[in-house]
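J.: Following this line is coords_19.cif, made up of mmCIF, C-alpha atoms:
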data_protein
#
loop_
_atom_site.label_atom_id
_atom_site.label_comp_id
_atom_site.auth_asym_id
_atom_site.auth_seq_id
_atom_site.Cartn_x
_atom_site.Cartn_y
_atom_site.Cartn_z
CA MET A 1 95.95 124.00 84.94
CA ASP A 2 99.49 124.50 83.70
CA ILE A 3 101.55 121.68 82.24
CA VAL A 4 105.16 122.75 81.99
CA PHE A 5 107.86 120.96 79.99
CA THR A 6 111.38 122.14 80.83
CA ALA A 7 113.90 120.75 78.35
CA ALA A 8 112.14 117.39 78.73
CA THR A 9 113.70 114.68 76.62
CA VAL A 10 113.07 110.95 76.21
CA SER A 11 115.49 108.33 74.89
CA TYR A 12 115.03 104.59 74.55
CA ALA A 13 118.16 102.45 74.15
CA GLY A 14 120.13 105.31 72.65
CA ARG A 15 117.33 106.39 70.29
CA VAL A 16 115.86 109.81 70.97
CA ALA A 17 112.06 109.61 70.99
CA LEU A 18 111.61 113.20 72.09
CA HIS A 19 114.20 115.93 71.72
CA PRO A 20 114.41 118.57 74.47
CA LEU A 21 110.98 120.14 74.71
CA SER A 22 110.19 123.33 76.59
CA LEU A 23 106.68 124.73 76.61
CA THR A 24 103.77 125.55 78.88
CA LEU A 25 100.26 124.30 78.16
CA SER A 26 97.40 126.06 79.89
CA GLU A 27 94.68 126.17 77.23
CA ARG A 28 91.40 124.26 77.70
CA ARG A 29 91.59 122.47 74.35
CA ILE A 30 94.94 121.28 73.09
CA GLY A 31 95.44 119.14 70.00
CA VAL A 32 98.54 117.11 69.13
CA VAL A 33 99.20 115.87 65.60
CA GLY A 34 102.08 114.29 63.75
CA LEU A 35 103.11 111.31 61.67
CA ASN A 36 103.40 107.88 63.24
CA GLY A 37 106.41 107.70 65.54
CA SER A 38 106.78 111.49 65.69
CA GLY A 39 106.77 111.63 69.50
CA LYS A 40 103.12 112.60 70.14
CA THR A 41 102.27 109.73 72.45
CA THR A 42 105.62 109.96 74.25
CA MET A 43 104.95 113.62 74.93
CA ALA A 44 101.45 112.87 76.24
CA ARG A 45 102.67 110.01 78.43
CA LEU A 46 105.23 112.32 80.00
CA ILE A 47 102.35 114.36 81.38
CA ASN A 48 100.97 111.65 83.62
CA GLY A 49 104.30 110.04 84.37
CA LEU A 50 103.75 106.89 82.33
CA VAL A 51 107.00 107.81 80.61
CA LYS A 52 109.78 109.34 82.66
CA PRO A 53 111.93 112.07 81.12
CA SER A 54 115.51 111.00 80.38
CA GLY A 55 116.43 114.64 80.92
CA GLY A 56 114.70 117.83 81.97
CA ALA A 57 111.38 117.86 83.84
CA VAL A 58 107.63 117.95 83.44
CA THR A 59 105.29 119.48 86.01
CA VAL A 60 101.52 119.27 86.19
CA ASP A 61 99.83 121.93 88.27
CA GLY A 62 103.23 122.54 89.88
CA LEU A 63 103.78 118.83 90.69
CA ASP A 64 106.83 117.09 89.27
CA THR A 65 105.80 113.93 87.40
CA VAL A 66 108.79 112.03 88.82
CA LYS A 67 109.14 113.36 92.36
CA ASP A 68 105.39 113.75 92.97
CA GLU A 69 104.35 110.97 90.62
CA GLU A 70 101.12 109.84 92.29
CA ALA A 71 99.86 113.34 93.05
CA ALA A 72 100.65 114.50 89.52
CA ARG A 73 98.96 111.43 88.07
CA GLY A 74 95.86 112.18 90.09
CA LYS A 75 95.52 115.43 88.17
CA THR A 76 95.35 113.70 84.80
CA GLY A 77 93.19 111.05 83.22
CA PHE A 78 94.42 109.06 80.23
CA ILE A 79 92.38 107.32 77.56
CA PHE A 80 94.47 104.84 75.58
CA GLN A 81 94.20 104.10 71.86
CA ASN A 82 92.36 100.90 72.68
CA PRO A 83 90.14 101.80 75.65
CA GLN A 84 89.25 98.12 76.12
CA HIS A 85 92.69 97.69 77.64
CA GLN A 86 91.99 100.09 80.46
CA MET A 87 88.68 98.61 81.55
CA ILE A 88 89.87 96.39 84.35
CA LEU A 89 86.63 94.87 85.61
CA PRO A 90 84.14 92.98 83.45
CA ILE A 91 81.02 95.06 84.13
CA LEU A 92 81.02 98.77 83.23
CA ALA A 93 79.59 100.05 86.54
CA GLU A 94 82.01 97.83 88.46
CA ASP A 95 84.93 99.22 86.49
CA ILE A 96 83.88 102.80 87.17
CA ALA A 97 83.34 102.04 90.86
CA PHE A 98 86.73 100.34 91.12
CA GLY A 99 88.54 103.62 90.47
CA LEU A 100 86.68 105.23 93.37
CA LYS A 101 87.11 102.27 95.68
CA ASN A 102 90.87 102.51 95.24
CA ARG A 103 90.64 106.03 96.59
CA GLY A 104 89.03 104.74 99.77
CA LEU A 105 85.53 106.16 99.31
CA ASP A 106 82.63 104.54 101.15
CA LYS A 107 80.08 102.36 99.38
CA ALA A 108 77.28 104.94 99.33
CA GLU A 109 79.47 107.61 97.80
CA ILE A 110 80.90 105.18 95.25
CA ALA A 111 77.38 104.19 94.17
CA ALA A 112 76.22 107.81 93.96
CA ARG A 113 79.24 108.98 91.98
CA THR A 114 79.08 105.99 89.64
CA ALA A 115 75.41 106.61 88.92
CA ALA A 116 76.08 110.33 88.39
CA ILE A 117 78.90 109.83 85.89
CA LEU A 118 76.90 107.24 83.93
CA GLU A 119 74.02 109.70 83.82
CA ARG A 120 76.34 112.53 82.77
CA PHE A 121 77.43 110.60 79.69
CA GLY A 122 73.98 109.18 78.96
CA ILE A 123 75.12 105.60 79.46
CA SER A 124 73.16 104.58 82.54
CA HIS A 125 71.55 101.84 80.46
CA LEU A 126 75.01 100.29 79.96
CA ALA A 127 75.81 100.08 83.67
CA ARG A 128 75.44 96.30 83.93
CA ARG A 129 76.80 95.51 80.47
CA ARG A 130 79.99 93.51 80.06
CA VAL A 131 82.74 95.78 78.80
CA HIS A 132 83.98 93.35 76.16
CA GLU A 133 80.51 93.42 74.60
CA LEU A 134 80.27 97.21 74.26
CA SER A 135 80.47 98.86 70.83
CA GLY A 136 83.40 101.11 69.95
CA GLY A 137 81.56 104.31 70.87
CA GLU A 138 80.13 102.82 74.06
CA THR A 139 83.57 101.59 75.10
CA GLN A 140 85.07 105.02 74.50
CA LEU A 141 82.32 106.72 76.54
CA GLY A 142 82.65 104.11 79.29
CA ALA A 143 86.42 104.62 79.43
CA ILE A 144 86.01 108.41 79.61
CA ALA A 145 83.44 107.99 82.41
CA SER A 146 85.67 105.59 84.34
CA VAL A 147 88.56 108.05 84.19
CA LEU A 148 86.63 111.26 84.86
CA VAL A 149 84.76 109.81 87.84
CA THR A 150 87.90 110.28 89.93
CA GLY A 151 87.94 113.99 89.11
CA PRO A 152 91.14 114.67 87.15
CA LYS A 153 91.60 118.24 85.95
CA LEU A 154 93.05 117.20 82.60
CA LEU A 155 91.90 114.44 80.26
CA ILE A 156 94.35 113.10 77.68
CA LEU A 157 92.85 111.12 74.81
CA ASP A 158 95.10 109.15 72.47
CA GLU A 159 93.35 108.87 69.08
CA PRO A 160 89.85 108.71 70.53
CA THR A 161 88.06 108.37 67.19
CA ASN A 162 90.35 105.67 65.87
CA GLN A 163 88.28 102.78 64.40
CA LEU A 164 84.94 104.45 65.10
CA ASP A 165 82.19 104.72 62.51
CA LEU A 166 80.81 108.12 61.52
CA ARG A 167 78.01 108.13 64.07
CA ASN A 168 80.25 107.16 66.97
CA ARG A 169 82.94 109.55 65.79
CA ALA A 170 80.40 112.38 65.94
CA LEU A 171 79.26 111.21 69.37
CA ILE A 172 82.79 111.25 70.75
CA ALA A 173 83.53 114.62 69.13
CA ARG A 174 80.40 116.09 70.77
CA THR A 175 81.34 114.53 74.09
CA ILE A 176 84.88 115.94 74.01
CA ALA A 177 83.56 119.37 73.00
CA GLY A 178 81.20 119.34 75.98
CA LEU A 179 83.73 118.34 78.64
CA PRO A 180 84.33 121.03 81.26
CA GLU A 181 87.77 119.55 81.99
CA GLN A 182 90.95 120.63 80.26
CA VAL A 183 91.52 118.29 77.31
CA LEU A 184 94.55 117.20 75.31
CA VAL A 185 93.76 115.12 72.24
CA ILE A 186 96.25 113.23 70.08
CA SER A 187 94.59 112.60 66.75
CA HIS A 188 94.94 111.88 63.06
CA ASP A 189 91.31 112.95 62.75
CA LEU A 190 92.00 116.59 61.92
CA PRO A 191 88.38 117.89 61.88
CA LEU A 192 88.15 116.75 65.51
CA LEU A 193 90.51 119.57 66.41
CA ASP A 194 88.28 122.32 64.94
CA GLY A 195 87.68 124.96 67.56
CA PHE A 196 90.64 123.88 69.69
CA ASP A 197 92.69 126.62 71.32
CA ARG A 198 96.09 125.30 70.36
CA VAL A 199 97.53 122.53 68.22
CA LEU A 200 101.05 121.12 68.52
CA VAL A 201 102.67 119.44 65.53
CA PHE A 202 105.40 116.89 66.19
CA HIS A 203 107.86 115.60 63.64
CA GLU A 204 110.75 113.21 64.21
CA GLY A 205 110.64 113.77 67.97
CA ARG A 206 110.62 117.56 67.76
CA LEU A 207 107.93 120.19 68.13
CA ALA A 208 107.62 121.38 64.52
CA ALA A 209 104.72 123.82 64.92
CA ASP A 210 102.67 125.30 67.74
CA ALA A 211 99.73 127.38 66.59
CA PRO A 212 95.95 127.68 66.36
CA PRO A 213 94.33 124.73 64.49
CA ALA A 214 94.20 126.08 60.92
CA GLN A 215 97.81 127.21 60.92
CA ALA A 216 99.13 124.13 62.69
CA ILE A 217 97.26 121.73 60.44
CA ARG A 218 98.62 123.54 57.38
CA ALA A 219 102.12 122.97 58.74
CA TYR A 220 101.29 119.33 59.41
CA ARG A 221 100.02 118.82 55.85
CA GLU A 222 103.28 120.27 54.51
CA ILE A 223 105.28 117.85 56.65
CA ALA A 224 103.11 114.92 55.59
CA ALA A 225 103.49 115.84 51.91
CA CYS A 226 107.30 115.67 52.03
CA MET B 227 85.13 79.06 86.73
CA LEU B 228 84.81 82.75 87.36
CA ASN B 229 84.57 84.72 84.16
CA GLY B 230 82.70 87.84 85.10
CA LEU B 231 79.39 86.20 84.34
CA ASP B 232 77.54 86.46 87.60
CA ILE B 233 73.78 86.33 87.28
CA GLU B 234 71.85 89.00 89.10
CA GLY B 235 69.40 87.60 91.58
CA ARG B 236 68.23 87.35 95.19
CA THR B 237 68.56 83.61 95.83
CA LEU B 238 70.04 82.33 99.09
CA LEU B 239 73.33 81.68 97.31
CA HIS B 240 73.40 85.28 96.03
CA ARG B 241 72.89 86.59 99.54
CA LEU B 242 75.53 84.41 101.18
CA PRO B 243 78.83 86.20 101.79
CA VAL B 244 81.66 85.20 99.45
CA ARG B 245 83.65 83.66 102.27
CA GLY B 246 80.69 81.51 103.28
CA LYS B 247 80.32 80.25 99.74
CA LEU B 248 84.02 79.44 99.44
CA VAL B 249 84.03 77.62 102.78
CA LEU B 250 80.98 75.59 101.73
CA LEU B 251 82.60 74.78 98.38
CA PHE B 252 85.81 73.72 100.08
CA THR B 253 83.91 71.56 102.59
CA ALA B 254 81.86 69.97 99.81
CA ALA B 255 85.06 69.19 97.91
CA ILE B 256 86.54 67.40 100.94
CA LEU B 257 83.33 65.45 101.60
CA LEU B 258 83.04 64.41 97.96
CA PHE B 259 86.56 63.03 98.03
CA LEU B 260 85.95 61.12 101.25
CA THR B 261 83.51 58.73 99.64
CA SER B 262 83.23 56.58 96.54
CA ASP B 263 79.71 55.41 97.36
CA LEU B 264 77.53 56.03 94.34
CA ARG B 265 74.43 56.14 96.59
CA ILE B 266 75.90 59.35 98.00
CA LEU B 267 77.73 60.73 94.95
CA GLY B 268 74.74 60.31 92.61
CA PRO B 269 72.34 62.40 94.70
CA ALA B 270 75.18 64.89 95.39
CA LEU B 271 75.55 65.42 91.64
CA ALA B 272 71.80 65.89 91.27
CA ALA B 273 71.75 68.36 94.17
CA ALA B 274 74.66 70.33 92.67
CA ALA B 275 72.84 70.53 89.34
CA VAL B 276 69.66 71.76 91.04
CA LEU B 277 71.64 74.31 93.02
CA PHE B 278 73.36 75.62 89.87
CA LEU B 279 70.06 75.90 88.00
CA SER B 280 68.40 77.56 90.99
CA THR B 281 70.64 80.61 90.42
CA GLY B 282 68.34 81.54 87.54
CA ILE B 283 70.96 80.92 84.88
CA GLY B 284 68.81 78.93 82.48
CA LEU B 285 69.54 75.48 81.08
CA ARG B 286 71.19 76.55 77.82
CA GLU B 287 73.56 79.10 79.43
CA ALA B 288 74.32 76.68 82.26
CA PHE B 289 75.36 74.01 79.79
CA ARG B 290 77.37 76.48 77.70
CA ARG B 291 79.43 77.47 80.73
CA VAL B 292 80.35 74.05 81.99
CA ARG B 293 80.45 71.95 78.83
CA PHE B 294 84.23 72.13 78.28
CA VAL B 295 85.04 71.31 81.88
CA LEU B 296 82.48 68.50 81.92
CA PHE B 297 84.02 67.17 78.71
CA THR B 298 87.39 67.04 80.49
CA VAL B 299 85.75 65.31 83.44
CA ALA B 300 84.26 62.77 81.03
CA LEU B 301 87.74 62.10 79.62
CA VAL B 302 89.10 61.49 83.12
CA ALA B 303 86.17 59.18 83.85
CA ALA B 304 86.78 57.33 80.58
CA ALA B 305 90.40 56.79 81.56
CA ASN B 306 89.24 55.38 84.90
CA TYR B 307 86.79 53.10 83.06
CA VAL B 308 89.61 51.68 80.96
CA PHE B 309 92.35 51.48 83.59
CA VAL B 310 90.48 51.02 86.90
CA SER B 311 86.85 49.94 86.90
CA PRO B 312 83.42 51.05 85.67
CA ARG B 313 82.39 51.71 89.27
CA GLU B 314 85.38 53.99 89.92
CA ALA B 315 84.70 55.75 86.61
CA ALA B 316 81.13 56.48 87.69
CA ALA B 317 82.35 57.74 91.07
CA VAL B 318 84.90 60.05 89.43
CA LEU B 319 82.30 61.32 86.98
CA CYS B 320 79.77 62.09 89.74
CA ARG B 321 82.33 63.56 92.14
CA LEU B 322 84.09 65.89 89.70
CA SER B 323 80.89 66.90 87.89
CA ALA B 324 79.26 67.79 91.20
CA LEU B 325 82.29 69.90 92.11
CA VAL B 326 82.23 71.67 88.74
CA LEU B 327 78.55 72.47 89.13
CA LEU B 328 78.99 73.71 92.69
CA ALA B 329 81.88 75.95 91.60
CA ALA B 330 79.78 77.20 88.70
CA ALA B 331 76.97 78.02 91.13
CA VAL B 332 79.39 80.09 93.22
CA THR B 333 80.56 81.82 90.04
CA ALA B 334 77.04 82.61 88.93
CA THR B 335 76.23 84.25 92.24
CA THR B 336 79.46 86.13 92.97
CA GLY B 337 80.55 89.39 91.37
CA ILE B 338 84.22 89.85 90.54
CA PRO B 339 84.66 92.87 92.87
CA ALA B 340 83.28 90.85 95.80
CA PHE B 341 85.60 87.98 94.93
CA MET B 342 88.57 90.35 94.68
CA ASP B 343 87.71 91.88 98.06
CA GLU B 344 87.64 88.43 99.61
CA VAL B 345 91.00 87.49 98.08
CA ALA B 346 92.47 90.71 99.49
CA ARG B 347 90.99 90.00 102.94
CA LEU B 348 92.25 86.41 102.96
CA LEU B 349 95.75 87.55 102.01
CA ALA B 350 95.87 90.41 104.51
CA PRO B 351 97.73 88.32 107.16
CA PHE B 352 100.39 87.43 104.58
CA GLU B 353 100.71 91.09 103.68
CA ARG B 354 101.32 91.92 107.34
CA LEU B 355 104.18 89.40 107.23
CA GLY B 356 105.55 91.21 104.18
CA LEU B 357 105.05 88.19 101.93
CA VAL B 358 102.57 89.61 99.38
CA ARG B 359 100.70 92.76 98.49
CA ALA B 360 97.10 91.63 98.90
CA ALA B 361 95.64 94.35 96.67
CA ASP B 362 98.01 93.41 93.84
CA VAL B 363 97.11 89.73 94.04
CA SER B 364 93.37 90.48 94.07
CA LEU B 365 93.85 92.84 91.11
CA ALA B 366 95.75 90.11 89.28
CA VAL B 367 92.89 87.67 89.93
CA GLY B 368 90.40 90.24 88.61
CA LEU B 369 92.52 90.87 85.53
CA VAL B 370 92.79 87.21 84.64
CA ILE B 371 89.04 86.86 84.84
CA ARG B 372 88.37 90.11 82.96
CA PHE B 373 90.66 89.37 80.03
CA VAL B 374 89.74 85.73 79.38
CA PRO B 375 87.06 86.78 76.83
CA GLU B 376 89.58 89.14 75.17
CA ILE B 377 92.12 86.35 74.76
CA LEU B 378 89.47 84.01 73.39
CA ALA B 379 88.36 86.72 70.93
CA ARG B 380 91.96 87.24 69.85
CA TYR B 381 92.35 83.50 69.33
CA GLY B 382 89.27 83.64 67.08
CA GLU B 383 90.73 86.57 65.11
CA ILE B 384 94.09 84.85 64.58
CA SER B 385 92.31 81.68 63.56
CA ALA B 386 90.16 83.63 61.04
CA ALA B 387 93.26 85.40 59.70
CA HIS B 388 94.94 82.02 59.13
CA LYS B 389 91.88 80.76 57.27
CA ALA B 390 91.70 83.94 55.17
CA ARG B 391 95.31 83.44 54.11
CA GLY B 392 94.69 79.81 53.31
CA LEU B 393 96.97 78.63 56.11
CA PRO B 394 96.18 75.48 58.06
CA VAL B 395 94.62 76.27 61.42
CA ARG B 396 96.60 74.35 64.02
CA PRO B 397 96.54 75.20 67.73
CA LEU B 398 100.34 75.25 67.90
CA THR B 399 100.75 77.70 65.02
CA LEU B 400 98.07 79.94 66.52
CA LEU B 401 99.70 79.88 69.92
CA THR B 402 102.82 81.86 69.00
CA PRO B 403 101.05 84.98 67.65
CA LEU B 404 98.49 84.68 70.45
CA VAL B 405 101.18 84.72 73.15
CA ILE B 406 103.08 87.59 71.49
CA LEU B 407 99.96 89.73 71.06
CA THR B 408 98.72 88.92 74.56
CA LEU B 409 102.05 89.96 76.07
CA LYS B 410 101.94 93.17 74.02
CA ASP B 411 98.44 93.86 75.34
CA ALA B 412 99.67 93.07 78.85
CA ASP B 413 102.16 95.95 78.58
CA THR B 414 99.38 98.37 77.68
CA ILE B 415 97.13 97.01 80.41
CA ALA B 416 99.91 97.41 82.98
CA MET B 417 100.36 100.99 81.83
CA ALA B 418 96.60 101.60 82.05
CA ILE B 419 96.59 100.27 85.62
CA ASP B 420 99.28 102.79 86.50
CA ALA B 421 97.49 105.56 84.60
CA ARG B 422 94.29 104.93 86.56
CA GLY B 423 96.21 104.87 89.83
CA PHE B 424 95.20 101.34 90.81
CA ARG B 425 98.63 100.46 92.14
CA ARG B 426 100.42 102.38 94.84
CA HIS B 427 104.21 102.30 94.38
#
In structure tokens, what does this structure look like?
T.:
Amino acid sequence: MDIVFTAATVSYAGRVALHPLSLTLSERRIGVVGLNGSGKTTMARLINGLVKPSGGAVTVDGLDTVKDEEAARGKTGFIFQNPQHQMILPILAEDIAFGLKNRGLDKAEIAARTAAILERFGISHLARRRVHELSGGETQLGAIASVLVTGPKLLILDEPTNQLDLRNRALIARTIAGLPEQVLVISHDLPLLDGFDRVLVFHEGRLAADAPPAQAIRAYREIAAC
Amino acid sequence: MLNGLDIEGRTLLHRLPVRGKLVLLFTAAILLFLTSDLRILGPALAAAAVLFLSTGIGLREAFRRVRFVLFTVALVAAANYVFVSPREAAAVLCRLSALVLLAAAVTATTGIPAFMDEVARLLAPFERLGLVRAADVSLAVGLVIRFVPEILARYGEISAAHKARGLPVRPLTLLTPLVILTLKDADTIAMAIDARGFRRH
């Protein structure tokens, strides 16, 4: 799926968060790195219309994120830095089912799809657990399941290994690597981006580098060292 | 009383539709307020307690859930004891405690999605009049219930942070950071709701 930025820019109260950005993303694994406040999250939120461009345009699979907001949003799933905030219902299976129910599916199909996605991520045993009691890794897996159950083509993850211990970090890294969907990951966890097709480096609201992982991360280290 | 803590089970109360349970609860509330006769209110309290325990919740968990509300009821009863009469205090204690236990029994046997569905159905006529968006109200109800444990956990964290810094732990001083952080979280949650396509614009 192609994500196309055409001179897309974002400003908040006169401050430019993202300078005009033009690029096309079509790779299966895309990484985004940069210092805090460099524009990474703003860029990612433009993709599913959570942030509207102040100028220019963004299209997802040919759909404009402003004019065709809902359809474009249906193409993308978003995992926030704190996935607890996106689990809306108290029980994991209920939360997953809620996404399907909002799309008007019947009960039998909702139950089948919920069971299938839990099985896919090996978390069937967590189905009846309360989401606020899940561990960091379990929460992250649950959030990914609840988003992917609705069938988006692209999954955006904002710092998915943030605050995870080594075991859970490895679990999430394996999970991301195994996803058949197109994936865009914002991360400070640079080894997570090993094997990615393309890595974008943002600095002060501008795209500073756009290259395969090794080259892009070298550029990022140079920026961070300044 | 709903806090996402429904107990799985197959009791009669579990099998009753949500609307039926709410109608029964509403009727019970009216009946309990129509009398001050302790010969009726006493057994009503006992029956409510039996009903609550029959959900399979267990004595310890049952007490944990209702203790704060029952404490408040006890305070109200104490005020009645001082300002009205011991008999009225006993009636208030039995009446309100029975109501709390009945509501807790409904909570323990009703899942949040079912409750949200019922709220949406009940508000559907108002939606047709253009007064509300039923799905939004039911989502709001679900959110309140879902995030109560989060807010309590945050309160605990702020309280611990105050202790760690040697600051006095006073509810009022904790309230300001709690409200600010909760509102900040609310922004993210609102964004997540949009991201997951739960609201149609």
J.: Run through the PyMOL selection byres ((chain B) within 7 of (chain A)) on the given coordinates and return the selected residues as a PyMOL selection string.
T.: chain B and resi 230+368-369+372+414-415+417-419+421-422+424
J.: Do a neighbour search on Leu378 of chain B at 12 Å with only C-alpha atoms, toss out local chain neighbours closer than 6 positions, and write the hits as an mmCIF file with C-alpha atoms, in the coordinates of the input.
T.:
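Okay, result.cif is ready:
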data_model
loop_
_atom_site.group_PDB
_atom_site.id
_atom_site.type_symbol
_atom_site.label_atom_id
_atom_site.label_comp_id
_atom_site.auth_asym_id
_atom_site.auth_seq_id
_atom_site.Cartn_x
_atom_site.Cartn_y
_atom_site.Cartn_z
ATOM 1 C CA HIS A 132 83.980 93.350 76.160
ATOM 2 C CA ASN B 229 84.570 84.720 84.160
ATOM 3 C CA ILE B 371 89.040 86.860 84.840
ATOM 4 C CA ARG B 372 88.370 90.110 82.960
ATOM 5 C CA ILE B 384 94.090 84.850 64.580
ATOM 6 C CA SER B 385 92.310 81.680 63.560
ATOM 7 C CA LEU B 400 98.070 79.940 66.520
ATOM 8 C CA LEU B 401 99.700 79.880 69.920
ATOM 9 C CA LEU B 404 98.490 84.680 70.450
ATOM 10 C CA VAL B 405 101.180 84.720 73.150
ATOM 11 C CA THR B 408 98.720 88.920 74.560
#
J.: Got a sec: who's within 10 Å of Val363 of chain B, counting all atoms listed in the file, leaving out chain neighbours fewer than 6 positions off, as a PyMOL selection string?
T.: chain B and resi 342+345-346+349+369
J.: Need the neighbours of (87.5, 67.0, 83.6): which residues are at most 12 Å away, counting only C-alpha atoms, as a ChimeraX atom specification?
T.: /B:292-306,315,318-327
J.: Go through A:Arg206, A:His125, A:Arg15, A:Lys40 one by one, measure the shortest atom-to-atom distance of each to Glu159 of chain A using all atoms listed in the file, and give the residue with the smallest value.
T.: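 Of all the options, A:Lys40 lies closest to Glu159 of chain A.
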J.: Quick one: pull the distance between atom CA of Ala216 of chain A and atom CA of Asp61 of chain A, Å, one decimal.
T.: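 Atom CA of Ala216 of chain A sits 25.7 Å away from atom CA of Asp61 of chain A.
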J.: Hey, can you check how far atom CA of Val244 of chain B sits from atom CA of Ile283 of chain B?
T.: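 For atom CA of Val244 of chain B relative to atom CA of Ile283 of chain B, the distance reads 18.6 Å.
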J.: On this structure, which residues satisfy the PyMOL selection byres ((chain B and resi 267) around 12), written as a ChimeraX atom specification?
T.: /B:254-255,257-266,268-274,313-325
J.: Please reconstruct the missing atoms of segment 125-143 of chain A (target: N, CA and C atoms) and return them as a PDB file, keeping the file's coordinate frame.
T.:
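Produced file out_38.pdb, reproduced below:
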ATOM      1  N   HIS A 125      72.099 103.118  80.917  1.00  0.00           N
ATOM      2  CA  HIS A 125      71.550 101.840  80.460  1.00  0.00           C
ATOM      3  C   HIS A 125      72.646 100.788  80.216  1.00  0.00           C
ATOM      4  N   LEU A 126      73.900 101.232  80.186  1.00  0.00           N
ATOM      5  CA  LEU A 126      75.010 100.290  79.960  1.00  0.00           C
ATOM      6  C   LEU A 126      75.663  99.835  81.264  1.00  0.00           C
ATOM      7  N   ALA A 127      75.149 100.318  82.378  1.00  0.00           N
ATOM      8  CA  ALA A 127      75.810 100.080  83.670  1.00  0.00           C
ATOM      9  C   ALA A 127      76.139  98.620  83.920  1.00  0.00           C
ATOM     10  N   ARG A 128      75.225  97.712  83.625  1.00  0.00           N
ATOM     11  CA  ARG A 128      75.440  96.300  83.930  1.00  0.00           C
ATOM     12  C   ARG A 128      75.949  95.511  82.731  1.00  0.00           C
ATOM     13  N   ARG A 129      76.314  96.221  81.670  1.00  0.00           N
ATOM     14  CA  ARG A 129      76.800  95.510  80.470  1.00  0.00           C
ATOM     15  C   ARG A 129      78.253  95.077  80.652  1.00  0.00           C
ATOM     16  N   ARG A 130      78.596  93.982  80.012  1.00  0.00           N
ATOM     17  CA  ARG A 130      79.990  93.510  80.060  1.00  0.00           C
ATOM     18  C   ARG A 130      80.817  94.376  79.122  1.00  0.00           C
ATOM     19  N   VAL A 131      81.982  94.804  79.587  1.00  0.00           N
ATOM     20  CA  VAL A 131      82.740  95.780  78.800  1.00  0.00           C
ATOM     21  C   VAL A 131      83.233  95.201  77.478  1.00  0.00           C
ATOM     22  N   HIS A 132      83.482  93.892  77.429  1.00  0.00           N
ATOM     23  CA  HIS A 132      83.980  93.350  76.160  1.00  0.00           C
ATOM     24  C   HIS A 132      82.861  93.212  75.128  1.00  0.00           C
ATOM     25  N   GLU A 133      81.627  93.490  75.540  1.00  0.00           N
ATOM     26  CA  GLU A 133      80.510  93.420  74.600  1.00  0.00           C
ATOM     27  C   GLU A 133      80.054  94.801  74.138  1.00  0.00           C
ATOM     28  N   LEU A 134      80.685  95.862  74.644  1.00  0.00           N
ATOM     29  CA  LEU A 134      80.270  97.210  74.260  1.00  0.00           C
ATOM     30  C   LEU A 134      80.753  97.542  72.851  1.00  0.00           C
ATOM     31  N   SER A 135      80.022  98.421  72.160  1.00  0.00           N
ATOM     32  CA  SER A 135      80.470  98.860  70.830  1.00  0.00           C
ATOM     33  C   SER A 135      81.634  99.826  71.008  1.00  0.00           C
ATOM     34  N   GLY A 136      82.250 100.214  69.886  1.00  0.00           N
ATOM     35  CA  GLY A 136      83.400 101.110  69.950  1.00  0.00           C
ATOM     36  C   GLY A 136      83.082 102.429  70.653  1.00  0.00           C
ATOM     37  N   GLY A 137      81.957 103.039  70.264  1.00  0.00           N
ATOM     38  CA  GLY A 137      81.560 104.310  70.870  1.00  0.00           C
ATOM     39  C   GLY A 137      81.222 104.162  72.338  1.00  0.00           C
ATOM     40  N   GLU A 138      80.505 103.073  72.657  1.00  0.00           N
ATOM     41  CA  GLU A 138      80.130 102.820  74.060  1.00  0.00           C
ATOM     42  C   GLU A 138      81.376 102.596  74.920  1.00  0.00           C
ATOM     43  N   THR A 139      82.330 101.858  74.348  1.00  0.00           N
ATOM     44  CA  THR A 139      83.570 101.590  75.100  1.00  0.00           C
ATOM     45  C   THR A 139      84.300 102.896  75.373  1.00  0.00           C
ATOM     46  N   GLN A 140      84.363 103.746  74.337  1.00  0.00           N
ATOM     47  CA  GLN A 140      85.070 105.020  74.500  1.00  0.00           C
ATOM     48  C   GLN A 140      84.383 105.877  75.572  1.00  0.00           C
ATOM     49  N   LEU A 141      83.056 105.940  75.528  1.00  0.00           N
ATOM     50  CA  LEU A 141      82.320 106.720  76.540  1.00  0.00           C
ATOM     51  C   LEU A 141      82.516 106.114  77.935  1.00  0.00           C
ATOM     52  N   GLY A 142      82.453 104.795  78.004  1.00  0.00           N
ATOM     53  CA  GLY A 142      82.650 104.110  79.290  1.00  0.00           C
ATOM     54  C   GLY A 142      84.028 104.392  79.859  1.00  0.00           C
ATOM     55  N   ALA A 143      85.040 104.365  78.978  1.00  0.00           N
ATOM     56  CA  ALA A 143      86.420 104.620  79.430  1.00  0.00           C
ATOM     57  C   ALA A 143      86.551 106.067  79.925  1.00  0.00           C
TER      58      ALA A 143
END
